[in-house]
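Have a look at the structure below before the remarks.
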Amino acid sequence: MSTASMTEESHERATPTPPAPVTGPARRPLSLWVENLSVSFDGFKALDDVTLLLDSGELRCLIGPNGAGKTTLMDCITGKTRPTSGSVFLESRLNELTRLSEVEIAGLGIGRKFQRPTVFQEHTVFENCELALKGPKGVFRTLFARLDAAQRRRIAEILELIGLADHARRPAGLLAHGQKQWLEIGMLLAQDPKVLLIDEPVAGMTHAEAERTAELLKSLAGQRTIVVVEHDMEFVRSIARNVTVLHEGRVLAEGPMAQVQKDPRVIEVYLGQ
Ligand SMILES: Nc1ncnc2c1ncn2[C@@H]1O[C@H](COP(=O)(O)OP(=O)(O)OP(=O)(O)O)[C@@H](O)[C@H]1O
Ligand SMILES: [Mg+2]
């Protein structure tokens, strides 16, 4: 037996068993998992022993009051913040992310969307996707390197998916707020990530835009693992199968939305507000 297959086997055995099955008996392989993660900022524990297991293709919502540690958790997964202790794994115990740089983590297939859209305002919608597809080589060089047919098709597919096919030639700066958010999701998709981390996607959106965003994220799940942080509970209910509730840096509750929203502890610290 080769060393590689032995390592894979030991990974299989070592994969942690969740405290309670959140997706029923037939679990998919794990995609991303966080084990006993803690972060301190000058002695203040922003995350305190957090364990989170995400199945491949799962769409998980992360909810909880302000300051609960939701963004900090995303920062630790993407390498922006170094945890004080604990681990983050992608697909295998061989990929331990807390030792890697932000660029290396992104390269392994973790895409992050921040709350404020960060599109290139003067460039067209199409060019924004093109820049994302080709990676960080500098705007000028990238736009002068020709796209091949497969890349053009990929961008066309993405624009269709995010509902901006009719806006391909418009400067991104002229889009409505919701459309900019979709463009940024499209730009993430151009990099073909395995895991998408999305922080407060519907903040500032109209009701119709939020509904469209829910449809988009649901259509992406299955092929990719998606973690969404959001305070808009109507939105969370419309997309979430399973939710994790963070409170004061700890996992307070986890499970199907219908169950979690009846949990008296969750109502007390968050939903009852
Ligand atoms: N770089 C930092 N230095 C010091 N404290 C920080 C830092 N980043 C976050 N914190 C603190 O850690 C706690 C968790 O913050 P975090 O931003 O993760 O919360 P959140 O759950 O995303 O909240 P919100 O819903 O308001 O976005 C807060 O008390 C915050 O002030
Ligand atoms: Mg936050």
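Labels for the structure tokens follow display order: chains A, B, ..., residues from 1 in each chain, ligands from 1.
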
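Around ligand 2, using only C-alpha atoms and all ligand atoms and a cut-off of 10 Å, the residues in contact are Ile63, Gly64, Pro65, Asn66, Gly67, Ala68, Gly69, Lys70, Thr71, Thr72, Leu73, Met74, Asp75, Phe114, Gln115, Asp199, Glu200, Val229, Glu230 and His231 of chain A.
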
So that I have them on file, write out the residues from the current selection with C-alpha atoms, as an mmCIF file, in the first residue's frame.
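Here's the written file out-v7.cif:
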```cif
data_model
loop_
_atom_site.group_PDB
_atom_site.id
_atom_site.type_symbol
_atom_site.label_atom_id
_atom_site.label_comp_id
_atom_site.auth_asym_id
_atom_site.auth_seq_id
_atom_site.Cartn_x
_atom_site.Cartn_y
_atom_site.Cartn_z
ATOM 1 C CA ILE A 63 -26.395 33.215 12.566
ATOM 2 C CA GLY A 64 -26.108 34.933 15.923
ATOM 3 C CA PRO A 65 -26.068 38.364 17.563
ATOM 4 C CA ASN A 66 -23.577 41.138 16.769
ATOM 5 C CA GLY A 67 -20.113 40.303 18.013
ATOM 6 C CA ALA A 68 -20.863 36.548 18.180
ATOM 7 C CA GLY A 69 -17.735 35.760 16.139
ATOM 8 C CA LYS A 70 -19.273 34.952 12.734
ATOM 9 C CA THR A 71 -16.964 37.175 10.692
ATOM 10 C CA THR A 72 -13.988 36.160 12.834
ATOM 11 C CA LEU A 73 -14.722 32.530 11.989
ATOM 12 C CA MET A 74 -14.657 33.358 8.275
ATOM 13 C CA ASP A 75 -11.434 35.334 8.833
ATOM 14 C CA PHE A 114 -17.282 40.498 1.930
ATOM 15 C CA GLN A 115 -20.324 42.558 2.790
ATOM 16 C CA ASP A 199 -20.972 37.527 4.690
ATOM 17 C CA GLU A 200 -24.361 39.316 4.842
ATOM 18 C CA VAL A 229 -23.738 34.699 7.449
ATOM 19 C CA GLU A 230 -26.940 36.729 7.557
ATOM 20 C CA HIS A 231 -29.099 38.621 10.051
#
```

Close residues, A:Ala214 itself excluded, 8 Å, only C-alpha atoms, min 5 positions apart in chain, as number ranges by chain: A: 235, 238-239

Polymer residues at most 10 Å from A:Lys45, only C-alpha atoms, same-chain spacing of 6 or more positions, as a ChimeraX atom specification: /A:38-39,69,84,248-250

Restricted to N, CA and C atoms, what would the selected residues look like written as a PDB file, in the first residue's frame?
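Once everything was written out, this is part_19.pdb:
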```pdb
ATOM      1  N   SER A  38     -10.138  28.508  18.564  1.00  0.00           N
ATOM      2  CA  SER A  38     -10.245  29.645  19.492  1.00  0.00           C
ATOM      3  C   SER A  38      -9.402  30.802  18.973  1.00  0.00           C
ATOM      4  N   VAL A  39      -9.918  32.013  19.183  1.00  0.00           N
ATOM      5  CA  VAL A  39      -9.187  33.226  18.829  1.00  0.00           C
ATOM      6  C   VAL A  39      -9.295  34.210  19.975  1.00  0.00           C
ATOM      7  N   GLY A  69     -18.952  36.391  16.664  1.00  0.00           N
ATOM      8  CA  GLY A  69     -17.735  35.760  16.139  1.00  0.00           C
ATOM      9  C   GLY A  69     -17.890  35.198  14.734  1.00  0.00           C
ATOM     10  N   THR A  84      -5.798  31.280  17.816  1.00  0.00           N
ATOM     11  CA  THR A  84      -4.903  31.031  18.936  1.00  0.00           C
ATOM     12  C   THR A  84      -4.661  29.527  19.062  1.00  0.00           C
ATOM     13  N   GLU A 248     -21.347  34.688  21.660  1.00  0.00           N
ATOM     14  CA  GLU A 248     -20.156  34.951  22.465  1.00  0.00           C
ATOM     15  C   GLU A 248     -19.025  33.971  22.147  1.00  0.00           C
ATOM     16  N   GLY A 249     -18.837  33.760  20.859  1.00  0.00           N
ATOM     17  CA  GLY A 249     -17.702  32.959  20.411  1.00  0.00           C
ATOM     18  C   GLY A 249     -17.889  31.456  20.489  1.00  0.00           C
ATOM     19  N   ARG A 250     -19.082  31.008  20.902  1.00  0.00           N
ATOM     20  CA  ARG A 250     -19.304  29.565  21.022  1.00  0.00           C
ATOM     21  C   ARG A 250     -20.503  29.126  20.182  1.00  0.00           C
TER      22      ARG A 250
END
```

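Here the question is which of A:Ala253, A:Val195, A:Leu174, A:Leu30 gets nearest to A:Val119 using only C-alpha atoms, and that residue is A:Leu174.
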
Counting only C-alpha atoms, give me one row per residue of stretch 45-82 of chain A with an atom at most 10 Å from an atom of stretch 103-106 of chain A, showing the shortest contact pair and its distance in Å to one decimal, sorted by chain then residue number, as a Markdown table.
```
| residue | atom | partner | partner_atom | distance |
| --- | --- | --- | --- | --- |
| A:Ile77 | CA | A:Ile105 | CA | 8.3 |
| A:Thr78 | CA | A:Ile105 | CA | 6.2 |
| A:Gly79 | CA | A:Ile105 | CA | 6.9 |
| A:Lys80 | CA | A:Val103 | CA | 9.9 |
```

Of the listed residues A:Ala203, A:Leu32, A:Val251, A:His123, that which approaches A:Arg265 most closely, counting only C-alpha atoms: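 With only C-alpha atoms as the atom set, the closest residue is A:Val251.
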
12 Å contact set for A:Glu96, only C-alpha atoms, chain neighbours under 2 positions out, as an NGL selection string: :A and (32-35 or 76-79 or 86-94 or 98-101 or 104-105 or 108)

Per-residue DSSP, stretch 45-240 of chain A, filtered to strand (DSSP E or B), as a ChimeraX atom specification: /A:45-55,59-63,85-90,92-96,110-113,124,171,195-199,221,224-229

12 Å contact set for A:Phe120, only C-alpha atoms, chain neighbours under 5 positions out, as a PyMOL selection string: chain A and resi 125-132+139+170-175+180+183-184+187

Could you please take those selected residues and save N, CA and C atoms as a PDB file, in the first residue's frame?
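Written output follows (part-v7.pdb):
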```pdb
ATOM      1  N   VAL A 125     -19.253  44.682 -16.766  1.00  0.00           N
ATOM      2  CA  VAL A 125     -19.638  43.462 -16.055  1.00  0.00           C
ATOM      3  C   VAL A 125     -18.825  42.277 -16.599  1.00  0.00           C
ATOM      4  N   PHE A 126     -18.758  42.194 -17.907  1.00  0.00           N
ATOM      5  CA  PHE A 126     -18.005  41.102 -18.537  1.00  0.00           C
ATOM      6  C   PHE A 126     -16.537  41.149 -18.118  1.00  0.00           C
ATOM      7  N   GLU A 127     -15.943  42.350 -18.188  1.00  0.00           N
ATOM      8  CA  GLU A 127     -14.521  42.489 -17.834  1.00  0.00           C
ATOM      9  C   GLU A 127     -14.259  42.125 -16.378  1.00  0.00           C
ATOM     10  N   ASN A 128     -15.213  42.463 -15.521  1.00  0.00           N
ATOM     11  CA  ASN A 128     -15.040  42.087 -14.111  1.00  0.00           C
ATOM     12  C   ASN A 128     -14.924  40.572 -13.969  1.00  0.00           C
ATOM     13  N   CYS A 129     -15.784  39.856 -14.701  1.00  0.00           N
ATOM     14  CA  CYS A 129     -15.713  38.383 -14.643  1.00  0.00           C
ATOM     15  C   CYS A 129     -14.419  37.880 -15.265  1.00  0.00           C
ATOM     16  N   GLU A 130     -14.030  38.549 -16.335  1.00  0.00           N
ATOM     17  CA  GLU A 130     -12.799  38.170 -17.034  1.00  0.00           C
ATOM     18  C   GLU A 130     -11.591  38.322 -16.103  1.00  0.00           C
ATOM     19  N   LEU A 131     -11.540  39.437 -15.389  1.00  0.00           N
ATOM     20  CA  LEU A 131     -10.433  39.677 -14.451  1.00  0.00           C
ATOM     21  C   LEU A 131     -10.403  38.600 -13.372  1.00  0.00           C
ATOM     22  N   ALA A 132     -11.592  38.245 -12.880  1.00  0.00           N
ATOM     23  CA  ALA A 132     -11.661  37.230 -11.822  1.00  0.00           C
ATOM     24  C   ALA A 132     -11.231  35.865 -12.353  1.00  0.00           C
ATOM     25  N   VAL A 139      -4.674  44.434 -13.775  1.00  0.00           N
ATOM     26  CA  VAL A 139      -5.814  44.714 -14.650  1.00  0.00           C
ATOM     27  C   VAL A 139      -5.374  44.889 -16.106  1.00  0.00           C
ATOM     28  N   ARG A 170     -22.184  46.817 -19.689  1.00  0.00           N
ATOM     29  CA  ARG A 170     -22.345  48.034 -18.855  1.00  0.00           C
ATOM     30  C   ARG A 170     -21.201  48.138 -17.853  1.00  0.00           C
ATOM     31  N   PRO A 171     -20.745  49.353 -17.580  1.00  0.00           N
ATOM     32  CA  PRO A 171     -19.768  49.512 -16.500  1.00  0.00           C
ATOM     33  C   PRO A 171     -20.404  49.068 -15.180  1.00  0.00           C
ATOM     34  N   ALA A 172     -19.625  48.338 -14.388  1.00  0.00           N
ATOM     35  CA  ALA A 172     -20.164  47.787 -13.147  1.00  0.00           C
ATOM     36  C   ALA A 172     -20.638  48.883 -12.197  1.00  0.00           C
ATOM     37  N   GLY A 173     -20.011  50.057 -12.300  1.00  0.00           N
ATOM     38  CA  GLY A 173     -20.389  51.174 -11.427  1.00  0.00           C
ATOM     39  C   GLY A 173     -21.827  51.625 -11.631  1.00  0.00           C
ATOM     40  N   LEU A 174     -22.428  51.298 -12.774  1.00  0.00           N
ATOM     41  CA  LEU A 174     -23.806  51.730 -13.048  1.00  0.00           C
ATOM     42  C   LEU A 174     -24.856  50.718 -12.574  1.00  0.00           C
ATOM     43  N   LEU A 175     -24.406  49.589 -12.063  1.00  0.00           N
ATOM     44  CA  LEU A 175     -25.375  48.575 -11.621  1.00  0.00           C
ATOM     45  C   LEU A 175     -26.040  48.988 -10.315  1.00  0.00           C
ATOM     46  N   LYS A 180     -24.675  44.487  -8.180  1.00  0.00           N
ATOM     47  CA  LYS A 180     -23.233  44.461  -7.858  1.00  0.00           C
ATOM     48  C   LYS A 180     -22.899  43.270  -6.970  1.00  0.00           C
ATOM     49  N   LEU A 183     -22.842  40.305  -9.143  1.00  0.00           N
ATOM     50  CA  LEU A 183     -21.617  40.302  -9.952  1.00  0.00           C
ATOM     51  C   LEU A 183     -20.449  39.789  -9.109  1.00  0.00           C
ATOM     52  N   GLU A 184     -20.401  40.215  -7.866  1.00  0.00           N
ATOM     53  CA  GLU A 184     -19.276  39.762  -7.049  1.00  0.00           C
ATOM     54  C   GLU A 184     -19.361  38.257  -6.795  1.00  0.00           C
ATOM     55  N   MET A 187     -18.040  36.753  -9.857  1.00  0.00           N
ATOM     56  CA  MET A 187     -16.571  36.837  -9.915  1.00  0.00           C
ATOM     57  C   MET A 187     -15.929  35.741  -9.071  1.00  0.00           C
TER      58      MET A 187
END
```

Which of stretch 55-103 of chain A DSSP labels helix (DSSP H, G or I), written as a list in words: Lys70, Thr71, Thr72, Leu73, Met74, Asp75, Cys76, Ile77, Thr78, Leu97, Thr98, Arg99, Glu102 and Val103 of chain A
